[in-house]
Each structure stands twice: as C-alpha cells, then as structure tokens.
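Undergrad: Below is the file query_31.cif, with mmCIF, N, CA and C atoms and all ligand atoms.
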data_model
#
loop_
_atom_site.label_atom_id
_atom_site.label_comp_id
_atom_site.auth_asym_id
_atom_site.auth_seq_id
_atom_site.Cartn_x
_atom_site.Cartn_y
_atom_site.Cartn_z
N MET Y 1 0.86 -1.19 0.00
CA MET Y 1 0.00 0.00 0.00
C MET Y 1 0.90 1.24 0.00
N PHE Y 2 0.54 2.24 -0.80
CA PHE Y 2 1.41 3.41 -0.87
C PHE Y 2 1.31 4.26 0.40
N GLU Y 3 2.35 5.07 0.60
CA GLU Y 3 2.56 5.68 1.91
C GLU Y 3 1.42 6.59 2.41
N SER Y 4 0.91 7.46 1.53
CA SER Y 4 -0.13 8.38 2.01
C SER Y 4 -1.40 7.63 2.39
N ALA Y 5 -1.70 6.54 1.68
CA ALA Y 5 -2.87 5.73 2.03
C ALA Y 5 -2.66 5.07 3.39
N GLU Y 6 -1.45 4.62 3.60
CA GLU Y 6 -1.11 3.94 4.85
C GLU Y 6 -1.20 4.90 6.04
N LYS Y 7 -0.84 6.15 5.80
CA LYS Y 7 -0.82 7.12 6.92
C LYS Y 7 -2.15 7.86 7.10
N GLN Y 8 -2.74 8.29 5.97
CA GLN Y 8 -3.93 9.15 6.10
C GLN Y 8 -5.23 8.47 5.66
N GLY Y 9 -5.14 7.31 5.05
CA GLY Y 9 -6.35 6.70 4.49
C GLY Y 9 -6.61 7.24 3.09
N LEU Y 10 -7.78 6.95 2.56
CA LEU Y 10 -8.09 7.32 1.17
C LEU Y 10 -9.49 7.89 1.06
N ARG Y 11 -9.64 8.79 0.09
CA ARG Y 11 -10.98 9.30 -0.19
C ARG Y 11 -11.74 8.26 -1.00
N PHE Y 12 -12.85 7.83 -0.46
CA PHE Y 12 -13.69 6.86 -1.19
C PHE Y 12 -15.06 6.78 -0.53
N LYS Y 13 -16.08 6.82 -1.37
CA LYS Y 13 -17.42 6.50 -0.89
C LYS Y 13 -18.19 5.91 -2.06
N CYS Y 14 -18.64 4.69 -1.90
CA CYS Y 14 -19.36 4.03 -2.98
C CYS Y 14 -20.66 4.78 -3.28
N THR Y 15 -20.89 5.04 -4.57
CA THR Y 15 -22.11 5.74 -4.97
C THR Y 15 -23.22 4.75 -5.34
N GLN Y 16 -22.91 3.45 -5.24
CA GLN Y 16 -23.87 2.38 -5.60
C GLN Y 16 -24.23 2.44 -7.08
N CYS Y 17 -23.33 2.94 -7.91
CA CYS Y 17 -23.65 3.06 -9.34
C CYS Y 17 -23.68 1.69 -10.04
N GLY Y 18 -23.00 0.71 -9.49
CA GLY Y 18 -23.00 -0.63 -10.07
C GLY Y 18 -22.02 -0.80 -11.23
N GLU Y 19 -21.24 0.21 -11.52
CA GLU Y 19 -20.33 0.14 -12.67
C GLU Y 19 -19.26 -0.94 -12.52
N CYS Y 20 -18.89 -1.23 -11.28
CA CYS Y 20 -17.86 -2.27 -11.10
C CYS Y 20 -18.43 -3.66 -11.32
N CYS Y 21 -19.75 -3.75 -11.51
CA CYS Y 21 -20.40 -5.05 -11.68
C CYS Y 21 -20.78 -5.29 -13.14
N ARG Y 22 -20.42 -4.39 -14.04
CA ARG Y 22 -20.81 -4.54 -15.44
C ARG Y 22 -19.90 -3.67 -16.32
N GLY Y 23 -20.17 -3.69 -17.62
CA GLY Y 23 -19.53 -2.71 -18.51
C GLY Y 23 -18.29 -3.19 -19.21
N SER Y 24 -17.52 -4.05 -18.57
CA SER Y 24 -16.35 -4.57 -19.26
C SER Y 24 -16.10 -6.00 -18.78
N PRO Y 25 -15.51 -6.80 -19.65
CA PRO Y 25 -15.30 -8.20 -19.25
C PRO Y 25 -14.29 -8.30 -18.12
N GLY Y 26 -14.49 -9.27 -17.29
CA GLY Y 26 -13.55 -9.44 -16.17
C GLY Y 26 -13.92 -10.68 -15.40
N TYR Y 27 -13.08 -11.02 -14.49
CA TYR Y 27 -13.34 -12.20 -13.67
C TYR Y 27 -13.72 -11.79 -12.26
N VAL Y 28 -14.75 -12.44 -11.73
CA VAL Y 28 -15.03 -12.34 -10.29
C VAL Y 28 -14.63 -13.70 -9.72
N TRP Y 29 -13.40 -13.73 -9.24
CA TRP Y 29 -12.86 -15.00 -8.73
C TRP Y 29 -13.51 -15.36 -7.40
N LEU Y 30 -13.59 -16.67 -7.17
CA LEU Y 30 -14.26 -17.14 -5.96
C LEU Y 30 -13.30 -17.89 -5.05
N SER Y 31 -13.35 -17.56 -3.79
CA SER Y 31 -12.59 -18.32 -2.79
C SER Y 31 -13.48 -19.48 -2.33
N GLN Y 32 -12.88 -20.39 -1.57
CA GLN Y 32 -13.67 -21.51 -1.04
C GLN Y 32 -14.79 -20.99 -0.14
N ASN Y 33 -14.47 -20.00 0.69
CA ASN Y 33 -15.50 -19.44 1.58
C ASN Y 33 -16.63 -18.79 0.78
N ASP Y 34 -16.29 -18.13 -0.32
CA ASP Y 34 -17.33 -17.53 -1.17
C ASP Y 34 -18.28 -18.60 -1.69
N ILE Y 35 -17.70 -19.69 -2.19
CA ILE Y 35 -18.53 -20.75 -2.79
C ILE Y 35 -19.48 -21.33 -1.74
N ILE Y 36 -18.95 -21.60 -0.55
CA ILE Y 36 -19.78 -22.16 0.53
C ILE Y 36 -20.89 -21.17 0.91
N ALA Y 37 -20.52 -19.90 1.06
CA ALA Y 37 -21.50 -18.90 1.52
C ALA Y 37 -22.59 -18.64 0.48
N ILE Y 38 -22.20 -18.52 -0.78
CA ILE Y 38 -23.20 -18.20 -1.81
C ILE Y 38 -24.12 -19.40 -2.05
N ALA Y 39 -23.53 -20.59 -2.11
CA ALA Y 39 -24.36 -21.79 -2.30
C ALA Y 39 -25.35 -21.93 -1.14
N GLY Y 40 -24.87 -21.67 0.08
CA GLY Y 40 -25.75 -21.74 1.26
C GLY Y 40 -26.86 -20.72 1.17
N HIS Y 41 -26.52 -19.52 0.74
CA HIS Y 41 -27.51 -18.44 0.62
C HIS Y 41 -28.58 -18.80 -0.41
N LEU Y 42 -28.14 -19.46 -1.49
CA LEU Y 42 -29.09 -19.84 -2.56
C LEU Y 42 -29.79 -21.16 -2.24
N ASN Y 43 -29.35 -21.79 -1.16
CA ASN Y 43 -29.92 -23.07 -0.74
C ASN Y 43 -29.75 -24.16 -1.80
N ILE Y 44 -28.59 -24.19 -2.39
CA ILE Y 44 -28.26 -25.24 -3.38
C ILE Y 44 -26.89 -25.81 -3.01
N SER Y 45 -26.55 -26.94 -3.63
CA SER Y 45 -25.24 -27.52 -3.32
C SER Y 45 -24.14 -26.69 -3.96
N GLU Y 46 -22.94 -26.86 -3.46
CA GLU Y 46 -21.80 -26.13 -4.03
C GLU Y 46 -21.58 -26.53 -5.49
N GLU Y 47 -21.76 -27.83 -5.78
CA GLU Y 47 -21.58 -28.31 -7.16
C GLU Y 47 -22.60 -27.64 -8.08
N SER Y 48 -23.83 -27.57 -7.61
CA SER Y 48 -24.88 -26.96 -8.40
C SER Y 48 -24.63 -25.47 -8.62
N PHE Y 49 -24.13 -24.80 -7.58
CA PHE Y 49 -23.79 -23.38 -7.72
C PHE Y 49 -22.71 -23.18 -8.78
N LEU Y 50 -21.66 -23.99 -8.71
CA LEU Y 50 -20.56 -23.85 -9.67
C LEU Y 50 -21.06 -24.10 -11.09
N GLU Y 51 -21.91 -25.10 -11.24
CA GLU Y 51 -22.41 -25.47 -12.56
C GLU Y 51 -23.35 -24.40 -13.14
N THR Y 52 -24.17 -23.83 -12.29
CA THR Y 52 -25.23 -22.93 -12.76
C THR Y 52 -24.76 -21.48 -12.90
N TYR Y 53 -23.96 -21.03 -11.97
CA TYR Y 53 -23.65 -19.59 -11.91
C TYR Y 53 -22.19 -19.24 -12.23
N CYS Y 54 -21.38 -20.25 -12.46
CA CYS Y 54 -19.94 -19.97 -12.61
C CYS Y 54 -19.39 -20.57 -13.90
N ILE Y 55 -18.23 -20.06 -14.28
CA ILE Y 55 -17.51 -20.68 -15.39
C ILE Y 55 -16.14 -21.13 -14.88
N PRO Y 56 -15.71 -22.32 -15.34
CA PRO Y 56 -14.36 -22.75 -14.97
C PRO Y 56 -13.34 -22.01 -15.83
N VAL Y 57 -12.27 -21.60 -15.22
CA VAL Y 57 -11.21 -20.88 -15.94
C VAL Y 57 -9.88 -21.56 -15.66
N SER Y 58 -9.17 -21.85 -16.73
CA SER Y 58 -7.87 -22.49 -16.56
C SER Y 58 -6.82 -21.42 -16.24
N THR Y 59 -6.13 -21.57 -15.13
CA THR Y 59 -5.09 -20.61 -14.74
C THR Y 59 -3.77 -21.37 -14.58
N GLN Y 60 -2.73 -20.64 -14.29
CA GLN Y 60 -1.43 -21.29 -14.10
C GLN Y 60 -1.42 -22.22 -12.88
N TYR Y 61 -2.40 -22.05 -11.99
CA TYR Y 61 -2.45 -22.89 -10.78
C TYR Y 61 -3.40 -24.08 -10.92
N GLY Y 62 -4.23 -24.08 -11.97
CA GLY Y 62 -5.24 -25.13 -12.15
C GLY Y 62 -6.56 -24.49 -12.54
N ILE Y 63 -7.64 -25.24 -12.30
CA ILE Y 63 -8.97 -24.72 -12.67
C ILE Y 63 -9.55 -23.94 -11.49
N SER Y 64 -9.89 -22.67 -11.75
CA SER Y 64 -10.60 -21.86 -10.76
C SER Y 64 -11.94 -21.45 -11.35
N TYR Y 65 -12.76 -20.79 -10.53
CA TYR Y 65 -14.10 -20.43 -10.99
C TYR Y 65 -14.36 -18.94 -10.86
N SER Y 66 -15.06 -18.41 -11.88
CA SER Y 66 -15.45 -17.00 -11.87
C SER Y 66 -16.96 -16.95 -12.08
N LEU Y 67 -17.61 -15.92 -11.58
CA LEU Y 67 -19.06 -15.78 -11.80
C LEU Y 67 -19.35 -15.56 -13.29
N LYS Y 68 -20.43 -16.10 -13.76
CA LYS Y 68 -20.85 -15.89 -15.15
C LYS Y 68 -21.24 -14.43 -15.36
N GLU Y 69 -21.21 -14.02 -16.62
CA GLU Y 69 -21.67 -12.67 -16.97
C GLU Y 69 -22.92 -12.76 -17.84
N LYS Y 70 -23.75 -11.75 -17.70
CA LYS Y 70 -24.93 -11.64 -18.58
C LYS Y 70 -24.56 -10.73 -19.74
N GLU Y 71 -25.56 -10.32 -20.52
CA GLU Y 71 -25.31 -9.40 -21.62
C GLU Y 71 -24.69 -8.10 -21.11
N GLY Y 72 -23.78 -7.53 -21.87
CA GLY Y 72 -23.15 -6.28 -21.45
C GLY Y 72 -22.12 -6.51 -20.35
N PHE Y 73 -21.69 -7.75 -20.20
CA PHE Y 73 -20.68 -8.12 -19.19
C PHE Y 73 -21.16 -7.90 -17.76
N ALA Y 74 -22.47 -7.80 -17.57
CA ALA Y 74 -22.99 -7.62 -16.21
C ALA Y 74 -22.86 -8.93 -15.44
N CYS Y 75 -22.55 -8.80 -14.18
CA CYS Y 75 -22.49 -9.96 -13.30
C CYS Y 75 -23.84 -10.68 -13.29
N ILE Y 76 -23.79 -11.99 -13.23
CA ILE Y 76 -25.03 -12.77 -13.25
C ILE Y 76 -25.95 -12.44 -12.07
N PHE Y 77 -25.38 -11.91 -11.02
CA PHE Y 77 -26.19 -11.57 -9.84
C PHE Y 77 -26.59 -10.10 -9.77
N LEU Y 78 -26.29 -9.34 -10.83
CA LEU Y 78 -26.66 -7.93 -10.83
C LEU Y 78 -28.11 -7.78 -11.31
N GLU Y 79 -28.92 -7.16 -10.49
CA GLU Y 79 -30.32 -6.91 -10.87
C GLU Y 79 -30.55 -5.42 -10.78
N ALA Y 80 -30.90 -4.79 -11.92
CA ALA Y 80 -30.88 -3.31 -12.03
C ALA Y 80 -29.48 -2.89 -11.63
N SER Y 81 -29.34 -2.07 -10.59
CA SER Y 81 -27.98 -1.71 -10.16
C SER Y 81 -27.65 -2.33 -8.82
N SER Y 82 -28.38 -3.37 -8.46
CA SER Y 82 -28.18 -3.96 -7.14
C SER Y 82 -27.67 -5.39 -7.22
N CYS Y 83 -26.89 -5.72 -6.24
CA CYS Y 83 -26.37 -7.09 -6.12
C CYS Y 83 -27.42 -7.94 -5.42
N SER Y 84 -27.86 -9.02 -6.07
CA SER Y 84 -28.92 -9.84 -5.48
C SER Y 84 -28.40 -10.81 -4.42
N ILE Y 85 -27.08 -10.88 -4.28
CA ILE Y 85 -26.52 -11.74 -3.21
C ILE Y 85 -25.64 -10.88 -2.28
N TYR Y 86 -26.02 -9.64 -2.13
CA TYR Y 86 -25.18 -8.66 -1.42
C TYR Y 86 -24.63 -9.16 -0.07
N PRO Y 87 -25.44 -9.79 0.80
CA PRO Y 87 -24.90 -10.19 2.11
C PRO Y 87 -23.78 -11.22 2.00
N VAL Y 88 -23.75 -11.95 0.90
CA VAL Y 88 -22.72 -13.00 0.75
C VAL Y 88 -21.88 -12.77 -0.50
N ARG Y 89 -21.80 -11.53 -0.96
CA ARG Y 89 -21.03 -11.25 -2.18
C ARG Y 89 -19.58 -11.67 -1.98
N PRO Y 90 -18.93 -12.05 -3.08
CA PRO Y 90 -17.56 -12.55 -2.97
C PRO Y 90 -16.62 -11.54 -2.33
N VAL Y 91 -15.56 -12.05 -1.73
CA VAL Y 91 -14.61 -11.16 -1.06
C VAL Y 91 -13.97 -10.20 -2.05
N GLN Y 92 -13.85 -10.63 -3.31
CA GLN Y 92 -13.30 -9.72 -4.32
C GLN Y 92 -14.16 -8.46 -4.46
N CYS Y 93 -15.48 -8.64 -4.40
CA CYS Y 93 -16.41 -7.50 -4.49
C CYS Y 93 -16.43 -6.72 -3.17
N ARG Y 94 -16.43 -7.48 -2.09
CA ARG Y 94 -16.52 -6.90 -0.75
C ARG Y 94 -15.34 -5.96 -0.46
N THR Y 95 -14.19 -6.29 -1.01
CA THR Y 95 -12.99 -5.52 -0.67
C THR Y 95 -12.62 -4.49 -1.74
N TYR Y 96 -13.33 -4.47 -2.86
CA TYR Y 96 -13.03 -3.47 -3.89
C TYR Y 96 -13.27 -2.07 -3.34
N PRO Y 97 -12.46 -1.07 -3.62
CA PRO Y 97 -11.29 -1.05 -4.50
C PRO Y 97 -9.96 -1.23 -3.75
N PHE Y 98 -10.04 -1.85 -2.57
CA PHE Y 98 -8.81 -1.97 -1.76
C PHE Y 98 -8.10 -3.28 -2.06
N TRP Y 99 -7.63 -3.38 -3.27
CA TRP Y 99 -6.90 -4.57 -3.73
C TRP Y 99 -5.42 -4.23 -3.82
N ASP Y 100 -4.59 -5.25 -3.59
CA ASP Y 100 -3.14 -5.04 -3.64
C ASP Y 100 -2.70 -4.34 -4.92
N ASP Y 101 -3.22 -4.80 -6.08
CA ASP Y 101 -2.70 -4.23 -7.33
C ASP Y 101 -3.19 -2.79 -7.55
N ILE Y 102 -4.34 -2.43 -6.99
CA ILE Y 102 -4.82 -1.05 -7.12
C ILE Y 102 -4.06 -0.13 -6.15
N LEU Y 103 -3.68 -0.69 -5.01
CA LEU Y 103 -3.03 0.12 -3.97
C LEU Y 103 -1.51 0.10 -4.06
N LYS Y 104 -1.00 -0.50 -5.14
CA LYS Y 104 0.47 -0.64 -5.18
C LYS Y 104 1.16 0.73 -5.28
N ASP Y 105 0.51 1.69 -5.91
CA ASP Y 105 1.05 3.06 -5.93
C ASP Y 105 -0.09 4.04 -6.20
N GLU Y 106 0.21 5.31 -6.04
CA GLU Y 106 -0.82 6.34 -6.17
C GLU Y 106 -1.36 6.42 -7.60
N LYS Y 107 -0.49 6.15 -8.56
CA LYS Y 107 -0.89 6.22 -9.96
C LYS Y 107 -2.00 5.18 -10.24
N SER Y 108 -1.81 3.97 -9.75
CA SER Y 108 -2.83 2.93 -9.97
C SER Y 108 -4.15 3.31 -9.31
N TRP Y 109 -4.04 3.86 -8.10
CA TRP Y 109 -5.26 4.28 -7.39
C TRP Y 109 -6.00 5.36 -8.18
N ASN Y 110 -5.25 6.35 -8.64
CA ASN Y 110 -5.88 7.44 -9.40
C ASN Y 110 -6.46 6.95 -10.72
N GLU Y 111 -5.78 5.99 -11.34
CA GLU Y 111 -6.29 5.45 -12.61
C GLU Y 111 -7.60 4.69 -12.40
N GLU Y 112 -7.72 4.05 -11.25
CA GLU Y 112 -8.95 3.29 -10.97
C GLU Y 112 -10.16 4.22 -10.89
N ALA Y 113 -9.91 5.48 -10.59
CA ALA Y 113 -11.00 6.47 -10.51
C ALA Y 113 -11.70 6.66 -11.85
N HIS Y 114 -11.02 6.28 -12.95
CA HIS Y 114 -11.69 6.36 -14.26
C HIS Y 114 -12.87 5.39 -14.33
N TRP Y 115 -12.77 4.30 -13.55
CA TRP Y 115 -13.82 3.27 -13.58
C TRP Y 115 -14.81 3.45 -12.45
N CYS Y 116 -14.30 3.95 -11.34
CA CYS Y 116 -15.12 3.98 -10.11
C CYS Y 116 -15.31 5.42 -9.63
N PRO Y 117 -16.54 5.94 -9.74
CA PRO Y 117 -16.78 7.32 -9.30
C PRO Y 117 -16.68 7.51 -7.79
N GLY Y 118 -16.66 6.41 -7.06
CA GLY Y 118 -16.55 6.53 -5.60
C GLY Y 118 -15.16 6.95 -5.15
N ILE Y 119 -14.17 6.67 -6.03
CA ILE Y 119 -12.80 7.03 -5.69
C ILE Y 119 -12.64 8.53 -5.87
N GLN Y 120 -12.06 9.14 -4.89
CA GLN Y 120 -11.90 10.60 -4.82
C GLN Y 120 -13.22 11.29 -4.50
N GLY Y 121 -14.23 10.50 -4.15
CA GLY Y 121 -15.50 11.11 -3.76
C GLY Y 121 -15.45 11.56 -2.31
N GLU Y 122 -16.62 11.89 -1.79
CA GLU Y 122 -16.70 12.34 -0.41
C GLU Y 122 -16.37 11.16 0.51
N GLY Y 123 -15.91 11.47 1.67
CA GLY Y 123 -15.69 10.40 2.64
C GLY Y 123 -14.25 9.94 2.65
N ASN Y 124 -13.77 9.67 3.84
CA ASN Y 124 -12.41 9.21 3.99
C ASN Y 124 -12.42 7.84 4.66
N VAL Y 125 -11.70 6.90 4.05
CA VAL Y 125 -11.62 5.57 4.63
C VAL Y 125 -10.31 5.47 5.41
N ALA Y 126 -10.43 5.10 6.67
CA ALA Y 126 -9.27 5.07 7.56
C ALA Y 126 -8.29 3.97 7.16
N PRO Y 127 -7.00 4.19 7.43
CA PRO Y 127 -6.00 3.19 7.09
C PRO Y 127 -6.32 1.80 7.65
N GLU Y 128 -6.88 1.74 8.85
CA GLU Y 128 -7.18 0.43 9.47
C GLU Y 128 -8.20 -0.34 8.64
N ILE Y 129 -9.18 0.37 8.09
CA ILE Y 129 -10.23 -0.29 7.30
C ILE Y 129 -9.63 -0.79 5.98
N ILE Y 130 -8.75 0.00 5.40
CA ILE Y 130 -8.10 -0.41 4.15
C ILE Y 130 -7.25 -1.65 4.40
N LYS Y 131 -6.50 -1.60 5.49
CA LYS Y 131 -5.63 -2.75 5.81
C LYS Y 131 -6.45 -4.01 6.07
N ASP Y 132 -7.58 -3.83 6.73
CA ASP Y 132 -8.45 -4.98 7.00
C ASP Y 132 -8.97 -5.59 5.69
N ALA Y 133 -9.31 -4.73 4.72
CA ALA Y 133 -9.78 -5.23 3.42
C ALA Y 133 -8.67 -6.02 2.73
N ILE Y 134 -7.45 -5.51 2.81
CA ILE Y 134 -6.33 -6.21 2.19
C ILE Y 134 -6.13 -7.58 2.84
N VAL Y 135 -6.22 -7.61 4.16
CA VAL Y 135 -6.05 -8.88 4.87
C VAL Y 135 -7.16 -9.86 4.48
N GLN Y 136 -8.40 -9.36 4.40
CA GLN Y 136 -9.53 -10.22 4.01
C GLN Y 136 -9.28 -10.85 2.65
N GLY Y 137 -8.76 -10.04 1.72
CA GLY Y 137 -8.45 -10.54 0.39
C GLY Y 137 -7.38 -11.63 0.43
N ARG Y 138 -6.36 -11.39 1.23
CA ARG Y 138 -5.26 -12.37 1.30
C ARG Y 138 -5.67 -13.65 2.02
N LEU Y 139 -6.62 -13.51 2.97
CA LEU Y 139 -7.07 -14.70 3.72
C LEU Y 139 -8.03 -15.57 2.91
N ASN Y 140 -8.50 -15.03 1.80
CA ASN Y 140 -9.48 -15.77 0.98
C ASN Y 140 -8.96 -15.91 -0.45
N PRO Y 141 -7.93 -16.72 -0.63
CA PRO Y 141 -7.36 -16.87 -1.97
C PRO Y 141 -8.36 -17.54 -2.92
N VAL Y 142 -8.14 -17.32 -4.18
CA VAL Y 142 -8.98 -17.93 -5.21
C VAL Y 142 -8.90 -19.46 -5.08
N TRP Y 143 -10.05 -20.10 -5.07
CA TRP Y 143 -10.09 -21.55 -4.92
C TRP Y 143 -9.62 -22.22 -6.21
N VAL Y 144 -8.80 -23.24 -6.05
CA VAL Y 144 -8.33 -24.03 -7.18
C VAL Y 144 -8.87 -25.45 -7.01
N LYS Y 145 -9.60 -25.90 -8.01
CA LYS Y 145 -10.25 -27.23 -7.92
C LYS Y 145 -9.23 -28.32 -7.62
N GLY Y 146 -9.56 -29.15 -6.64
CA GLY Y 146 -8.71 -30.31 -6.33
C GLY Y 146 -7.50 -29.98 -5.47
N LYS Y 147 -7.37 -28.73 -5.03
CA LYS Y 147 -6.19 -28.39 -4.20
C LYS Y 147 -6.61 -28.01 -2.80
S1 LIG U 201 -17.89 1.52 -9.38
FE1 LIG U 201 -17.23 2.35 -7.38
S2 LIG U 201 -18.89 3.77 -6.80
FE2 LIG U 201 -19.73 2.42 -8.42
S3 LIG U 201 -20.68 0.68 -7.29
FE3 LIG U 201 -18.56 0.08 -7.77
S4 LIG U 201 -17.40 0.65 -5.90
FE4 LIG U 201 -19.34 1.79 -5.84
#
Translate the structure of the given file into structure tokens.
Ligand code: SF4

TA:
Amino acid sequence: MFESAEKQGLRFKCTQCGECCRGSPGYVWLSQNDIIAIAGHLNISEESFLETYCIPVSTQYGISYSLKEKEGFACIFLEASSCSIYPVRPVQCRTYPFWDDILKDEKSWNEEAHWCPGIQGEGNVAPEIIKDAIVQGRLNPVWVKGK
C-alpha cells in the first residue's frame, strides 16, 4: 500500500452506481469461503452453484471459478444496479477497491477512478479499514479445484 494511504487513508465513498459489476469483461474470482457462503444463501449444493452460476477458468495454478456474466458483461447476480446476493457477495467485491494491485502506488489508485466514481468522492476511509480489506483478500485466496 502506498505511503499516504497507509498514513492518512483514502478518499472513497461508494455511490452504488454498479459500474464495477458490469460494462467490461472481467473475472469475479471465488474463494472456497465464497462458494460455501453463496451456495448456502441460494440453498443449493456447491456443485450446483458452480455449474449454474460460474464458469471454470484455466489458470497457471489449475482450474478456478469465476461468476458468469450476462449481456453487457454484467455480473449474473446484478439486478438493475443492485447485487442480489449482497450479504454473501464474494470477497473480491466486498474488498473493492482496496486490492493489492490497485493500492500498489498512487498512480494505480488514481487510474482506478476512471472506472469507479466513488474514488476521490466524499468520505475518507481510515488506514485500518483499508488494511483490514487487504487482509480479508489475502485470507481468501482464489479456490483451485482439487487443491
Ligand atoms: S464503481 Fe465504485 S462507486 Fe460504483 S458501485 Fe462500484 S465501488 Fe461503488
């Protein structure tokens, strides 16, 4: 995390615009905890959840799973501008925009503002909250099938 974020925190307040959930292709990677929580929320088996709502993606580590997209690259769980599984949304969504690669330097953080109107918006997020999001991300690595 870059120094000013570490010391003073960052300006950010989500506007609930939903832009991070649609508009361009991307992966919403799932950790093991995500799969268990979402399947439980939908009251279906984990296998059924993976089959119905996810796509397998081959990575350098093996097969992992990402949420399917609807037309316009919208997340399969996006309804209007709302997340239909909000209480159990994946940790990748829960911790956005406080990801290691976005926080690696100020330039990356400022560039992310092109996608997310919440960045540089009203509100200051304290360093402790940012650090907690980073830890949550690291504690929930992307699940790799069979590992
Ligand atoms: S793009 Fe930013 S402001 Fe819009 S919903 Fe996502 S996090 Fe919130």

Undergrad: Using atom N of Gln8 in chain Y and CA of Ile129 in chain Y as the two end points, give the distance in Å to one decimal.

TA: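 So the answer is 11.5 Å.
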
Undergrad: Could you jot down the atom C of Ile44 in chain Y to CA of Arg22 in chain Y separation for me, Å, one decimal place?

TA: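 Separating atom C of Ile44 in chain Y from CA of Arg22 in chain Y is a distance of 25.4 Å.
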
Undergrad: Tell me, counting all atoms listed in the file, for each residue of chain Y within 8 Å of ligand LIG 201 (chain U), which pair of atoms is nearest and how far apart they are in Å to one decimal, in rows ordered by chain and increasing number, as CSV.

TA:
residue,atom,partner,partner_atom,distance
Y:Phe12,C,U:LIG201,S2,7.9
Y:Lys13,C,U:LIG201,S2,5.2
Y:Cys14,CA,U:LIG201,FE4,3.6
Y:Thr15,N,U:LIG201,S2,3.3
Y:Gln16,C,U:LIG201,S3,4.0
Y:Cys17,N,U:LIG201,S3,3.5
Y:Gly18,N,U:LIG201,S3,3.2
Y:Glu19,N,U:LIG201,FE2,4.1
Y:Cys20,N,U:LIG201,S1,3.5
Y:Cys21,N,U:LIG201,FE3,5.5
Y:Arg22,N,U:LIG201,FE3,7.9
Y:Ser81,C,U:LIG201,S3,7.7
Y:Cys93,C,U:LIG201,S4,7.9
Y:Tyr96,C,U:LIG201,S4,5.6
Y:Pro97,N,U:LIG201,S4,5.7
Y:Trp115,C,U:LIG201,S1,4.8
Y:Cys116,CA,U:LIG201,S1,3.8
Y:Pro117,N,U:LIG201,S2,4.3
Y:Gly118,N,U:LIG201,S2,3.5
Y:Ile119,N,U:LIG201,FE1,5.5

Undergrad: Pick the closest to Ile85 in chain Y from Y:His41, Y:Ser108, Y:Ile63, Y:Lys145: which is it, counting only N, CA and C atoms?

TA: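 Residue with the minimum atom-to-atom distance to Ile85 in chain Y: Y:His41.
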
Undergrad: Looking at Y:Glu111, Y:Leu67, Y:Val135, Y:Leu10, which one is nearest to Val28 in chain Y, with distances taken over all atoms listed in the file?

TA: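 Answer, going by the shortest atom-to-atom distance: Y:Leu67.
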
Undergrad: Hey, can you pull every residue with an atom no more than 10 Å from (-3.0, 1.1, -3.8), using only C-alpha atoms, and send it as a list in words?

TA: Met1, Phe2, Glu3, Ser4, Ala5, Glu6, Leu10, Pro97, Phe98, Trp99, Asp100, Asp101, Ile102, Leu103, Lys104, Asp105, Glu106, Lys107, Ser108, Trp109, Asn110, Glu112 and Ile130 of chain Y

Undergrad: Give the answer as one residue: which of Y:Gly62, Y:Ala37, Y:Lys70, Y:Lys7 has the shortest atom-to-atom distance to Ala126 in chain Y, using only C-alpha atoms?

TA: Y:Lys7

Undergrad: Quick one: pick out all strand (DSSP E) residues within chain Y from a backbone DSSP run and write them as a ChimeraX atom specification.

TA: /Y:10-12,54-59,62-67,78-79,82-83,119-125

Undergrad: Tell me which of Y:Pro90, Y:Gly123, Y:Ser84, Y:Glu71 sits closest to Gly9 in chain Y, counting only C-alpha atoms.

TA: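 The closest residue to Gly9 in chain Y is Y:Gly123.
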
Undergrad: Nearest residue to Ile76 in chain Y out of Y:Tyr53, Y:Tyr61, Y:Gln136, Y:Val144, using all atoms listed in the file?

TA: Y:Tyr53

Undergrad: Would you mind telling me which residue in Y:Gly72, Y:Ile55, Y:Glu47, Y:Gln60 lies nearest to Gly23 in chain Y when using only C-alpha atoms?

TA: Y:Gly72

Undergrad: Among chain Y, which residues carry a DSSP assignment of helix (DSSP H, G or I), reported as an MDAnalysis selection string?

TA: chainID Y and resid 3:8 19:21 32:42 46:53 71:73 86:88 91:94 106:112 127:139

Undergrad: Mind pulling up the distance from CA of Trp29 in chain Y to CA of Thr59 in chain Y?

TA: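 If I compute the distance from CA of Thr59 in chain Y to CA of Trp29 in chain Y, I get 11.3 Å.
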